[in-house]
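S.K.: Below is target-v9.csv; it holds CSV, C-alpha atoms.
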chain,number,residue,atom,x,y,z
A,1,MET,CA,-62.6,-66.2,-0.6
A,2,VAL,CA,-61.0,-63.9,-3.1
A,3,ASN,CA,-63.6,-61.7,-4.8
A,4,ALA,CA,-63.5,-59.7,-8.0
A,5,ALA,CA,-63.5,-56.1,-6.6
A,6,ARG,CA,-61.6,-56.1,-3.4
A,7,PRO,CA,-60.8,-53.4,-0.8
A,8,SER,CA,-57.2,-52.4,-0.3
A,9,ARG,CA,-55.1,-53.2,2.8
A,10,ALA,CA,-55.3,-49.5,3.6
A,11,ASP,CA,-59.1,-49.6,3.6
A,12,TYR,CA,-59.0,-52.3,6.3
A,13,TYR,CA,-56.3,-50.6,8.2
A,14,ARG,CA,-58.3,-47.4,8.5
A,15,VAL,CA,-61.1,-49.4,10.1
A,16,LEU,CA,-58.6,-51.2,12.3
A,17,ALA,CA,-57.1,-47.9,13.6
A,18,ASP,CA,-60.6,-46.6,14.2
A,19,LYS,CA,-61.9,-49.7,16.0
A,20,LEU,CA,-58.8,-50.8,17.8
A,21,PRO,CA,-59.8,-51.9,21.3
A,22,ALA,CA,-58.3,-50.2,24.3
A,23,ASN,CA,-55.1,-51.7,25.5
A,24,ALA,CA,-54.8,-53.8,22.3
A,25,LEU,CA,-51.4,-55.1,21.1
A,26,VAL,CA,-50.9,-55.4,17.4
A,27,VAL,CA,-48.5,-57.8,15.7
A,28,THR,CA,-47.9,-57.4,11.9
A,29,SER,CA,-46.4,-59.7,9.5
A,30,LEU,CA,-43.6,-58.9,7.0
A,31,GLY,CA,-43.7,-56.4,4.2
A,32,ASN,CA,-46.5,-53.9,3.9
A,33,ALA,CA,-48.4,-55.5,6.7
A,34,SER,CA,-45.9,-53.9,8.9
A,35,TYR,CA,-44.8,-50.9,6.8
A,36,LEU,CA,-48.3,-49.6,6.1
A,37,TRP,CA,-49.5,-50.1,9.7
A,38,ALA,CA,-46.4,-48.2,10.9
A,39,ALA,CA,-47.2,-45.4,8.5
A,40,MET,CA,-50.9,-45.3,9.5
A,41,HIS,CA,-50.8,-46.1,13.2
A,42,HIS,CA,-47.4,-46.3,14.7
A,43,ALA,CA,-47.5,-47.0,18.4
A,44,PRO,CA,-45.2,-48.6,21.0
A,45,GLU,CA,-47.8,-51.4,21.4
A,46,ASN,CA,-47.1,-52.5,17.8
A,47,PHE,CA,-44.7,-55.4,17.2
A,48,TYR,CA,-43.5,-55.3,13.6
A,49,ILE,CA,-42.0,-58.4,12.1
A,50,GLU,CA,-39.7,-58.2,9.2
A,51,ASP,CA,-38.9,-61.4,7.3
A,52,ALA,CA,-39.7,-64.5,9.4
A,53,MET,CA,-42.5,-65.3,7.1
A,54,GLY,CA,-45.3,-67.4,8.6
A,55,LEU,CA,-44.2,-66.7,12.2
A,56,ALA,CA,-46.3,-63.7,13.0
A,57,LEU,CA,-49.3,-65.9,14.0
A,58,PRO,CA,-47.4,-68.2,16.4
A,59,LEU,CA,-45.6,-65.3,17.9
A,60,ALA,CA,-48.9,-63.5,18.5
A,61,LEU,CA,-50.2,-66.7,20.1
A,62,GLY,CA,-47.3,-66.6,22.6
A,63,ILE,CA,-48.1,-62.9,23.4
A,64,ALA,CA,-51.7,-63.8,23.9
A,65,ILE,CA,-50.7,-66.5,26.4
A,66,ALA,CA,-48.4,-64.2,28.3
A,67,GLN,CA,-50.7,-61.1,28.2
A,68,SER,CA,-54.0,-62.8,28.7
A,69,ALA,CA,-55.8,-59.7,30.0
A,70,ARG,CA,-55.1,-57.7,26.8
A,71,PRO,CA,-56.6,-58.0,23.3
A,72,ILE,CA,-54.0,-59.2,20.8
A,73,ILE,CA,-54.5,-58.6,17.1
A,74,VAL,CA,-52.3,-60.1,14.5
A,75,VAL,CA,-52.2,-59.3,10.8
A,76,GLU,CA,-51.0,-62.3,8.8
A,77,GLY,CA,-51.0,-63.0,5.1
A,78,ASP,CA,-52.5,-65.9,3.2
A,79,GLY,CA,-49.2,-66.9,1.8
A,80,ALA,CA,-47.6,-66.7,5.3
A,81,VAL,CA,-50.3,-68.7,7.0
A,82,LEU,CA,-50.0,-71.4,4.3
A,83,MET,CA,-46.3,-71.8,5.3
A,84,HIS,CA,-47.3,-72.7,8.9
A,85,LEU,CA,-50.8,-74.1,8.7
A,86,GLY,CA,-50.1,-76.0,11.9
A,87,SER,CA,-50.2,-72.7,13.8
A,88,LEU,CA,-54.0,-72.6,13.2
A,89,VAL,CA,-54.2,-76.0,14.8
A,90,THR,CA,-52.2,-74.9,17.8
A,91,VAL,CA,-54.3,-71.7,18.2
A,92,GLY,CA,-57.4,-73.9,18.0
A,93,ALA,CA,-56.0,-76.2,20.7
A,94,VAL,CA,-54.9,-73.3,23.0
A,95,GLY,CA,-58.1,-71.3,22.4
A,96,PRO,CA,-57.1,-67.9,23.6
A,97,ASP,CA,-60.2,-65.6,23.8
A,98,ASN,CA,-58.0,-62.5,23.5
A,99,LEU,CA,-56.5,-63.3,20.1
A,100,THR,CA,-58.0,-61.9,16.9
A,101,ILE,CA,-56.3,-63.1,13.7
A,102,LEU,CA,-56.7,-60.9,10.6
A,103,LEU,CA,-55.8,-62.9,7.5
A,104,ILE,CA,-55.1,-60.7,4.5
A,105,GLN,CA,-56.3,-62.9,1.6
A,106,ASN,CA,-54.9,-61.3,-1.6
A,107,GLY,CA,-54.0,-64.5,-3.4
A,108,VAL,CA,-50.4,-63.7,-3.9
A,109,HIS,CA,-47.1,-63.4,-2.0
A,110,ALA,CA,-47.3,-59.6,-2.0
A,111,ALA,CA,-44.3,-59.0,0.2
A,112,SER,CA,-42.0,-60.7,-2.3
A,113,GLY,CA,-43.4,-59.1,-5.4
A,114,GLY,CA,-46.7,-60.7,-6.1
A,115,GLN,CA,-45.9,-64.3,-7.0
A,116,ALA,CA,-48.9,-66.7,-7.2
A,117,LEU,CA,-49.8,-68.7,-4.2
A,118,THR,CA,-50.1,-72.5,-4.4
A,119,ASN,CA,-53.9,-72.1,-4.1
A,120,PRO,CA,-55.1,-68.5,-4.0
A,121,ALA,CA,-58.8,-69.4,-3.6
A,122,LEU,CA,-58.9,-71.5,-0.5
A,123,ASP,CA,-61.7,-70.9,2.0
A,124,LEU,CA,-59.4,-70.0,4.8
A,125,ALA,CA,-62.2,-69.4,7.2
A,126,GLN,CA,-63.4,-73.0,6.6
A,127,LEU,CA,-59.8,-74.1,7.0
A,128,ALA,CA,-59.5,-72.3,10.4
A,129,ARG,CA,-62.8,-73.9,11.6
A,130,SER,CA,-61.5,-77.3,10.6
A,131,ALA,CA,-58.4,-76.5,12.7
A,132,GLY,CA,-60.5,-75.9,15.8
A,133,ILE,CA,-61.2,-72.2,15.6
A,134,SER,CA,-64.9,-72.0,15.5
A,135,ARG,CA,-65.1,-68.2,15.4
A,136,ALA,CA,-63.8,-67.9,11.8
A,137,ARG,CA,-65.4,-66.1,8.9
A,138,ASN,CA,-64.8,-64.4,5.6
A,139,VAL,CA,-65.1,-60.7,5.3
A,140,ALA,CA,-65.4,-58.8,2.0
A,141,THR,CA,-65.8,-55.2,2.9
A,142,PRO,CA,-64.4,-52.6,5.4
A,143,GLU,CA,-67.9,-52.1,6.7
A,144,ALA,CA,-68.3,-55.8,7.6
A,145,PHE,CA,-64.9,-55.7,9.1
A,146,GLY,CA,-65.9,-52.7,11.2
A,147,SER,CA,-68.9,-54.5,12.5
A,148,ALA,CA,-66.8,-57.6,13.3
A,149,MET,CA,-64.4,-55.5,15.3
A,150,CYS,CA,-67.2,-54.0,17.3
A,151,SER,CA,-68.6,-57.4,18.4
A,152,ALA,CA,-67.7,-58.3,22.0
A,153,PRO,CA,-65.2,-61.1,22.7
A,154,VAL,CA,-66.9,-64.4,23.6
A,155,ALA,CA,-65.7,-65.8,26.9
A,156,GLY,CA,-64.5,-69.3,26.3
A,157,GLY,CA,-65.0,-68.9,22.6
A,158,GLY,CA,-61.4,-69.1,21.7
A,159,ALA,CA,-59.6,-67.0,19.1
A,160,GLU,CA,-61.3,-65.2,16.2
A,161,VAL,CA,-60.2,-65.4,12.6
A,162,LEU,CA,-61.4,-62.7,10.1
A,163,VAL,CA,-60.3,-63.5,6.5
A,164,LEU,CA,-60.1,-60.1,4.7
A,165,SER,CA,-60.5,-60.3,1.0
A,166,THR,CA,-57.9,-57.8,-0.2
A,167,GLU,CA,-56.5,-56.3,-3.4
A,168,PRO,CA,-52.7,-57.2,-3.7
A,169,ASP,CA,-50.4,-54.3,-2.8
A,170,VAL,CA,-47.0,-55.1,-4.2
A,171,GLU,CA,-45.6,-51.6,-4.2
A,172,VAL,CA,-43.5,-51.3,-1.0
A,173,VAL,CA,-44.7,-48.6,1.4
A,174,ARG,CA,-41.8,-46.7,3.0
A,175,PRO,CA,-42.2,-46.9,6.8
A,176,PRO,CA,-42.0,-43.6,8.7
A,177,ILE,CA,-39.6,-45.0,11.3
A,178,ALA,CA,-36.6,-47.3,11.3
A,179,LEU,CA,-37.9,-50.8,12.1
A,180,ASP,CA,-34.9,-51.8,14.0
A,181,PRO,CA,-35.8,-55.2,15.4
A,182,VAL,CA,-34.2,-54.9,18.8
A,183,LEU,CA,-35.6,-51.4,19.3
A,184,THR,CA,-39.0,-52.7,18.3
A,185,LYS,CA,-38.7,-55.4,20.9
A,186,HIS,CA,-37.6,-53.2,23.7
A,187,ARG,CA,-40.1,-50.5,22.9
A,188,PHE,CA,-42.9,-53.1,22.9
A,189,MET,CA,-41.8,-54.7,26.2
A,190,SER,CA,-41.5,-51.3,27.9
A,191,ALA,CA,-45.0,-50.3,26.7
A,192,ILE,CA,-46.6,-53.4,28.2
A,193,GLY,CA,-44.6,-53.2,31.4
A,194,ALA,CA,-42.9,-56.6,30.8
A,195,PRO,CA,-40.6,-57.6,33.6
A,196,ARG,CA,-36.9,-57.1,32.8
A,197,TYR,CA,-34.0,-59.4,33.5
A,198,ILE,CA,-31.7,-58.3,36.3
A,199,PRO,CA,-28.2,-59.6,35.6
A,200,THR,CA,-26.4,-61.8,38.1
A,201,LEU,CA,-23.8,-59.1,38.5
A,202,PHE,CA,-26.4,-57.0,40.2
A,203,GLY,CA,-27.8,-59.8,42.4
A,204,GLY,CA,-30.5,-60.8,40.0
A,205,GLY,CA,-30.6,-63.6,37.5
A,206,ARG,CA,-34.3,-63.3,37.5
A,207,LEU,CA,-37.1,-61.5,35.7
A,208,GLU,CA,-38.4,-58.7,37.9
A,209,ARG,CA,-41.0,-56.0,37.4
A,210,GLU,CA,-39.9,-52.4,37.8
B,1,MET,CA,-21.5,-65.1,35.8
B,2,ALA,CA,-22.2,-65.2,39.5
B,3,LYS,CA,-21.3,-68.3,41.5
B,4,LEU,CA,-24.2,-70.7,41.6
B,5,ALA,CA,-25.4,-72.1,44.8
B,6,ALA,CA,-23.9,-75.5,45.6
B,7,GLN,CA,-26.4,-78.4,45.0
B,8,PRO,CA,-26.2,-82.0,45.9
B,9,PRO,CA,-25.9,-84.5,43.1
B,10,ASP,CA,-29.3,-85.2,41.5
B,11,SER,CA,-30.3,-88.9,41.5
B,12,HIS,CA,-33.1,-88.3,39.0
B,13,ARG,CA,-31.9,-85.8,36.5
B,14,PRO,CA,-35.3,-85.1,34.7
B,15,SER,CA,-36.8,-84.2,38.1
B,16,ALA,CA,-33.9,-81.8,38.7
B,17,ILE,CA,-34.5,-80.1,35.3
B,18,LEU,CA,-38.1,-79.5,36.3
B,19,ASP,CA,-37.2,-78.4,39.8
B,20,THR,CA,-34.7,-75.9,38.3
B,21,LEU,CA,-37.2,-74.4,35.9
B,22,ARG,CA,-39.7,-74.0,38.7
B,23,ARG,CA,-37.1,-72.4,41.0
B,24,LEU,CA,-35.9,-70.0,38.3
B,25,GLY,CA,-39.5,-68.8,37.7
B,26,PHE,CA,-40.1,-70.2,34.2
B,27,GLY,CA,-43.6,-69.4,33.2
B,28,ALA,CA,-43.9,-71.1,29.8
B,29,ALA,CA,-42.6,-74.3,28.1
B,30,ILE,CA,-43.2,-74.7,24.4
B,31,ALA,CA,-42.6,-78.2,23.1
B,32,VAL,CA,-42.7,-80.7,20.3
B,33,PRO,CA,-42.2,-84.1,21.9
B,34,ASP,CA,-40.1,-87.1,21.1
B,35,GLY,CA,-39.7,-90.4,22.8
B,36,TRP,CA,-37.3,-89.0,25.5
B,37,LEU,CA,-39.3,-85.8,26.1
B,38,GLY,CA,-42.8,-87.3,26.4
B,39,GLU,CA,-43.0,-87.9,30.1
B,40,ILE,CA,-41.3,-84.7,31.3
B,41,LEU,CA,-43.9,-82.8,29.3
B,42,VAL,CA,-46.7,-84.6,31.0
B,43,ARG,CA,-45.1,-83.6,34.3
B,44,ILE,CA,-44.8,-80.0,33.2
B,45,GLU,CA,-48.4,-80.0,32.2
B,46,ARG,CA,-49.3,-80.6,35.8
B,47,GLU,CA,-47.3,-77.7,37.0
B,48,PRO,CA,-49.5,-74.8,38.2
B,49,THR,CA,-47.0,-72.1,37.4
B,50,ILE,CA,-45.6,-73.3,34.0
B,51,ARG,CA,-47.8,-73.1,30.9
B,52,LEU,CA,-47.1,-75.9,28.5
B,53,VAL,CA,-47.9,-75.4,24.8
B,54,ARG,CA,-47.7,-78.3,22.4
B,55,ALA,CA,-46.8,-77.0,19.0
B,56,THR,CA,-47.1,-78.8,15.7
B,57,HIS,CA,-43.6,-77.9,14.4
B,58,GLU,CA,-40.4,-76.7,16.0
B,59,GLU,CA,-40.1,-73.5,14.0
B,60,GLU,CA,-43.6,-72.7,15.1
B,61,ALA,CA,-42.7,-73.6,18.7
B,62,LEU,CA,-39.7,-71.2,18.4
B,63,ALA,CA,-42.0,-68.3,17.4
B,64,ILE,CA,-44.5,-69.1,20.2
B,65,ALA,CA,-41.6,-69.1,22.6
B,66,CYS,CA,-40.5,-65.7,21.3
B,67,GLY,CA,-44.0,-64.4,21.9
B,68,THR,CA,-44.3,-65.7,25.4
B,69,ARG,CA,-40.9,-64.2,26.2
B,70,LEU,CA,-41.9,-60.9,24.6
B,71,GLY,CA,-45.0,-61.0,26.7
B,72,GLY,CA,-42.9,-61.3,29.9
B,73,LEU,CA,-42.7,-65.0,30.6
B,74,ARG,CA,-39.4,-66.7,31.1
B,75,THR,CA,-39.6,-69.4,28.5
B,76,ALA,CA,-38.1,-72.8,27.8
B,77,MET,CA,-38.4,-75.0,24.7
B,78,PHE,CA,-38.3,-78.8,24.6
B,79,VAL,CA,-37.5,-80.1,21.2
B,80,GLN,CA,-35.5,-82.9,19.6
B,81,ASN,CA,-32.4,-82.0,17.7
B,82,ALA,CA,-34.2,-82.8,14.4
B,83,GLY,CA,-36.4,-79.9,15.3
B,84,VAL,CA,-33.5,-77.6,15.7
B,85,LEU,CA,-32.3,-78.6,12.2
B,86,SER,CA,-35.7,-77.7,10.8
B,87,MET,CA,-36.1,-74.3,12.5
B,88,GLY,CA,-33.2,-72.5,10.9
B,89,ALA,CA,-35.0,-69.7,9.1
B,90,GLY,CA,-36.9,-68.7,12.3
B,91,MET,CA,-33.8,-69.0,14.4
B,92,VAL,CA,-31.8,-66.5,12.4
B,93,SER,CA,-34.6,-64.2,11.2
B,94,LEU,CA,-36.7,-64.0,14.4
B,95,ALA,CA,-35.1,-65.4,17.5
B,96,GLN,CA,-31.5,-64.2,16.8
B,97,ARG,CA,-32.4,-61.1,14.8
B,98,TYR,CA,-34.7,-59.8,17.6
B,99,GLN,CA,-32.3,-61.2,20.3
B,100,PHE,CA,-34.8,-63.3,22.3
B,101,PRO,CA,-33.4,-65.0,25.3
B,102,LEU,CA,-34.7,-68.6,25.2
B,103,LEU,CA,-33.6,-71.7,27.0
B,104,MET,CA,-33.7,-74.6,24.5
B,105,LEU,CA,-33.7,-78.0,26.1
B,106,VAL,CA,-32.8,-80.4,23.2
B,107,SER,CA,-33.0,-84.2,23.2
B,108,TYR,CA,-29.7,-85.1,21.5
B,109,ARG,CA,-30.5,-88.1,19.4
B,110,GLY,CA,-28.2,-90.0,17.1
B,111,THR,CA,-25.0,-89.7,19.2
B,112,VAL,CA,-22.7,-92.6,20.0
B,113,ASP,CA,-24.9,-93.2,23.1
B,114,ASP,CA,-28.0,-93.4,20.9
B,115,PRO,CA,-26.9,-95.1,17.7
B,116,VAL,CA,-30.4,-95.6,16.3
B,117,PHE,CA,-30.0,-96.0,12.5
B,118,TYR,CA,-32.5,-93.3,11.6
B,119,HIS,CA,-31.3,-90.9,14.3
B,120,ALA,CA,-27.6,-91.2,13.5
B,121,PRO,CA,-27.7,-88.9,10.4
B,122,LYS,CA,-29.2,-86.1,12.6
B,123,GLY,CA,-26.7,-86.6,15.4
B,124,ARG,CA,-23.8,-86.4,13.0
B,125,VAL,CA,-24.8,-83.0,11.7
B,126,THR,CA,-26.3,-81.4,14.7
B,127,GLU,CA,-23.4,-79.5,16.2
B,128,PRO,CA,-22.0,-78.4,12.9
B,129,VAL,CA,-25.4,-77.0,12.0
B,130,LEU,CA,-25.7,-75.2,15.4
B,131,LYS,CA,-22.3,-73.6,14.8
B,132,GLY,CA,-23.5,-72.6,11.3
B,133,PHE,CA,-26.5,-70.9,12.8
B,134,GLY,CA,-24.2,-69.1,15.3
B,135,LEU,CA,-26.4,-70.7,18.0
B,136,ALA,CA,-24.8,-70.8,21.5
B,137,TYR,CA,-24.9,-74.4,22.8
B,138,ALA,CA,-23.4,-76.9,25.2
B,139,ARG,CA,-23.6,-80.7,25.7
B,140,THR,CA,-24.5,-81.7,29.3
B,141,ASP,CA,-21.7,-83.2,31.4
B,142,PRO,CA,-22.9,-86.6,32.7
B,143,HIS,CA,-20.6,-86.3,35.7
B,144,ARG,CA,-22.1,-83.0,37.0
B,145,PRO,CA,-25.6,-82.5,38.5
B,146,ILE,CA,-28.0,-81.4,35.7
B,147,GLY,CA,-29.7,-78.6,37.7
B,148,PRO,CA,-26.8,-76.2,37.7
B,149,GLN,CA,-26.1,-76.9,34.1
B,150,VAL,CA,-29.7,-75.9,33.2
B,151,GLU,CA,-29.4,-72.8,35.3
B,152,GLN,CA,-26.1,-71.8,33.6
B,153,ALA,CA,-27.7,-72.3,30.2
B,154,ALA,CA,-30.7,-70.2,31.2
B,155,THR,CA,-28.5,-67.5,32.6
B,156,TYR,CA,-26.4,-67.4,29.5
B,157,ALA,CA,-29.5,-66.9,27.3
B,158,GLU,CA,-30.7,-64.0,29.4
B,159,GLU,CA,-27.3,-62.3,29.9
B,160,ALA,CA,-26.3,-62.7,26.2
B,161,SER,CA,-29.9,-61.9,24.9
B,162,CYS,CA,-30.0,-65.0,22.6
B,163,PRO,CA,-31.3,-68.5,22.5
B,164,PHE,CA,-29.1,-71.1,24.1
B,165,ALA,CA,-29.4,-74.8,23.3
B,166,LEU,CA,-28.5,-77.4,26.0
B,167,LEU,CA,-28.1,-80.8,24.3
B,168,LEU,CA,-29.5,-83.5,26.6
B,169,SER,CA,-28.8,-87.2,26.9
B,170,ARG,CA,-31.4,-89.8,27.6
B,171,GLU,CA,-30.4,-89.9,31.3
B,172,ASP,CA,-30.9,-86.2,31.5
B,173,VAL,CA,-34.4,-86.0,30.3
B,174,GLN,CA,-36.2,-89.3,29.9
B,175,TRP,CA,-38.4,-89.6,33.0
Taking this structure as input, can you express it in the form of structure tokens?
M.R.:
Amino acid sequence: MVNAARPSRADYYRVLADKLPANALVVTSLGNASYLWAAMHHAPENFYIEDAMGLALPLALGIAIAQSARPIIVVEGDGAVLMHLGSLVTVGAVGPDNLTILLIQNGVHAASGGQALTNPALDLAQLARSAGISRARNVATPEAFGSAMCSAPVAGGGAEVLVLSTEPDVEVVRPPIALDPVLTKHRFMSAIGAPRYIPTLFGGGRLERE
Amino acid sequence: MAKLAAQPPDSHRPSAILDTLRRLGFGAAIAVPDGWLGEILVRIEREPTIRLVRATHEEEALAIACGTRLGGLRTAMFVQNAGVLSMGAGMVSLAQRYQFPLLMLVSYRGTVDDPVFYHAPKGRVTEPVLKGFGLAYARTDPHRPIGPQVEQAATYAEEASCPFALLLSREDVQW
């Protein structure tokens, strides 16, 4: 739930950078979710989404399925998740143990200038539980977030949702790197050792590992 | 594009689609069903090497498919053409902007072969909308085996680094 005095996105990101599990892959939603994370913790294992509002969570679900041995962390906004609430249902049905969903609840569409949400005070953790994600809770402080990030994954427990009560940040952070989408994709795929397509000209037509 | 291996005509075209996906090493299928797609999805669900994900909406399915492909799995989508109409923003701002190669197997409803009164409006606008998206696509040829057509569509997606939509008839995909 949205509280009166809320930490900033940077407060949570400092904890995330400190507690990031080994081998973790991080997917960030549009706007400062990506720009600030790139400024604070750029790494090839980050996948930055620009635009495509509401699609960070389902994209991260796909990565979690394909990379089931690695922890996947996705940062999604409350406005974005409201655009594709069905994604929570799909995550609940698939139940990937390796997916942690950080929902920034700031009550506004921060990436587009701070416009009001349809309902800024929803209990998103309760909503996630109703969608079949039993490991969902509201978090109000960076300390509580740090404790949550230290808890061990539960085998067979499915995805985890942490709803982070956050102060809106509408001032755009300048990212330290060019977030070229194709470069982001290739850098990420190279970092995880994803198989590459060998063109038919070279006798391939298949995905092959290096 | 390299010459594809000659294949005998397929008597049961949905089986040939599944055989082709298996042979090409597809590891994921992301779907939103319709009446034609229902049974082939049940068959895919039984495949040990293809992970089926049932999404709630086609734009969501598109993003999941981008994620599985990003994570290293060759990925197919099964959706109705109505779903392609409703995934426009994700198509241009995610799948095309990031150049994800995806094979989209689309049940093509509302054509002259499927003149259902409520499908017809979707059939009428499907190809103009795909052209508007800049989405590469083809209609299947009913006189050619379906397997090589699926393989060519999958190859196009990978070699051109973009989604490719293959528009399927009832005979192609309804089990």
S.K.: From the list A:Leu61, A:Leu20, A:Val75, A:Leu164, which residue is nearest Leu62 of chain B when using all atoms listed in the file?
M.R.: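 Closest to Leu62 of chain B of all the choices is A:Leu61.
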S.K.: Do a neighbour search on segment 156-169 of chain B at 8 Å with only C-alpha atoms, toss out local chain neighbours closer than 2 positions, and write the hits as a list of chain:residue names.
M.R.: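 These residues fall inside the cut-off: A:Tyr197, A:Pro199, B:Asn81, B:Ala95, B:Gln96, B:Gln99, B:Phe100, B:Pro101, B:Leu102, B:Leu103, B:Met104, B:Leu105, B:Val106, B:Ser107, B:Tyr108, B:Arg109, B:Leu135, B:Ala136, B:Tyr137, B:Ala138, B:Arg139, B:Thr140, B:Val150, B:Gln152, B:Ala153, B:Ala154, B:Glu171, B:Asp172, B:Val173.
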S.K.: Could you work out which residues of chain B fall inside 9 Å of chain A? Count all atoms listed in the file, and format the result as a ChimeraX atom specification.
M.R.: /B:1-3,24-25,27-28,51,53-57,59-74,89-94,97-100,155,158-159
S.K.: Would you mind exporting the chosen residues as a short mmCIF file (atom, residue, chain, number, x, y, z; two decimals), in the coordinates of the input, restricted to C-alpha atoms?
M.R.:
data_model
loop_
_atom_site.label_atom_id
_atom_site.label_comp_id
_atom_site.auth_asym_id
_atom_site.auth_seq_id
_atom_site.Cartn_x
_atom_site.Cartn_y
_atom_site.Cartn_z
CA MET B 1 -21.50 -65.10 35.80
CA ALA B 2 -22.20 -65.20 39.50
CA LYS B 3 -21.30 -68.30 41.50
CA LEU B 24 -35.90 -70.00 38.30
CA GLY B 25 -39.50 -68.80 37.70
CA GLY B 27 -43.60 -69.40 33.20
CA ALA B 28 -43.90 -71.10 29.80
CA ARG B 51 -47.80 -73.10 30.90
CA VAL B 53 -47.90 -75.40 24.80
CA ARG B 54 -47.70 -78.30 22.40
CA ALA B 55 -46.80 -77.00 19.00
CA THR B 56 -47.10 -78.80 15.70
CA HIS B 57 -43.60 -77.90 14.40
CA GLU B 59 -40.10 -73.50 14.00
CA GLU B 60 -43.60 -72.70 15.10
CA ALA B 61 -42.70 -73.60 18.70
CA LEU B 62 -39.70 -71.20 18.40
CA ALA B 63 -42.00 -68.30 17.40
CA ILE B 64 -44.50 -69.10 20.20
CA ALA B 65 -41.60 -69.10 22.60
CA CYS B 66 -40.50 -65.70 21.30
CA GLY B 67 -44.00 -64.40 21.90
CA THR B 68 -44.30 -65.70 25.40
CA ARG B 69 -40.90 -64.20 26.20
CA LEU B 70 -41.90 -60.90 24.60
CA GLY B 71 -45.00 -61.00 26.70
CA GLY B 72 -42.90 -61.30 29.90
CA LEU B 73 -42.70 -65.00 30.60
CA ARG B 74 -39.40 -66.70 31.10
CA ALA B 89 -35.00 -69.70 9.10
CA GLY B 90 -36.90 -68.70 12.30
CA MET B 91 -33.80 -69.00 14.40
CA VAL B 92 -31.80 -66.50 12.40
CA SER B 93 -34.60 -64.20 11.20
CA LEU B 94 -36.70 -64.00 14.40
CA ARG B 97 -32.40 -61.10 14.80
CA TYR B 98 -34.70 -59.80 17.60
CA GLN B 99 -32.30 -61.20 20.30
CA PHE B 100 -34.80 -63.30 22.30
CA THR B 155 -28.50 -67.50 32.60
CA GLU B 158 -30.70 -64.00 29.40
CA GLU B 159 -27.30 -62.30 29.90
#
S.K.: In the coordinates of the file, take the point (-38.4, -72.7, 30.5) and a cut-off of 6 Å; then, counting only C-alpha atoms, name each qualifying protein, DNA or RNA residue as a list in words.
M.R.: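 Within 6 Å of (-38.4, -72.7, 30.5), the protein and nucleic acid residues are Leu21, Phe26, Ala28, Ala29, Thr75 and Ala76 of chain B.
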S.K.: Please compute the atom CA of Asp34 of chain B-atom CA of Val79 of chain B distance, one decimal, in Å.
M.R.: 7.5 Å
S.K.: What's around Val173 of chain A at 8 Å? Count all atoms listed in the file, leave out sequence neighbours fewer than 2 positions away in its own chain, and write the answer as a ChimeraX atom specification.
M.R.: /A:32,35-36,171,175
S.K.: Please save C-alpha atoms of the selected residues as a PDB file, keeping the file's coordinate frame.
M.R.:
ATOM      1  CA  ASN A  32     -46.500 -53.900   3.900  1.00  0.00           C
ATOM      2  CA  TYR A  35     -44.800 -50.900   6.800  1.00  0.00           C
ATOM      3  CA  LEU A  36     -48.300 -49.600   6.100  1.00  0.00           C
ATOM      4  CA  GLU A 171     -45.600 -51.600  -4.200  1.00  0.00           C
ATOM      5  CA  PRO A 175     -42.200 -46.900   6.800  1.00  0.00           C
TER       6      PRO A 175
END
S.K.: How many Å lie between atom CA of Asp11 of chain A and atom CA of Val74 of chain A, rounded to one decimal?
M.R.: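 Distance between the two atoms: 16.6 Å.
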S.K.: Counting only C-alpha atoms, which residue out of B:Leu18, B:Leu41, B:Ile146, B:Val129 sits closest to Val84 of chain B?
M.R.: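 Comparing B:Leu18, B:Leu41, B:Ile146, B:Val129 against Val84 of chain B, the winner is B:Val129.
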S.K.: Please report the interatomic distance between atom CA of Ala116 of chain A and atom CA of Gly79 of chain A in Å with one decimal.
M.R.: 9.0 Å
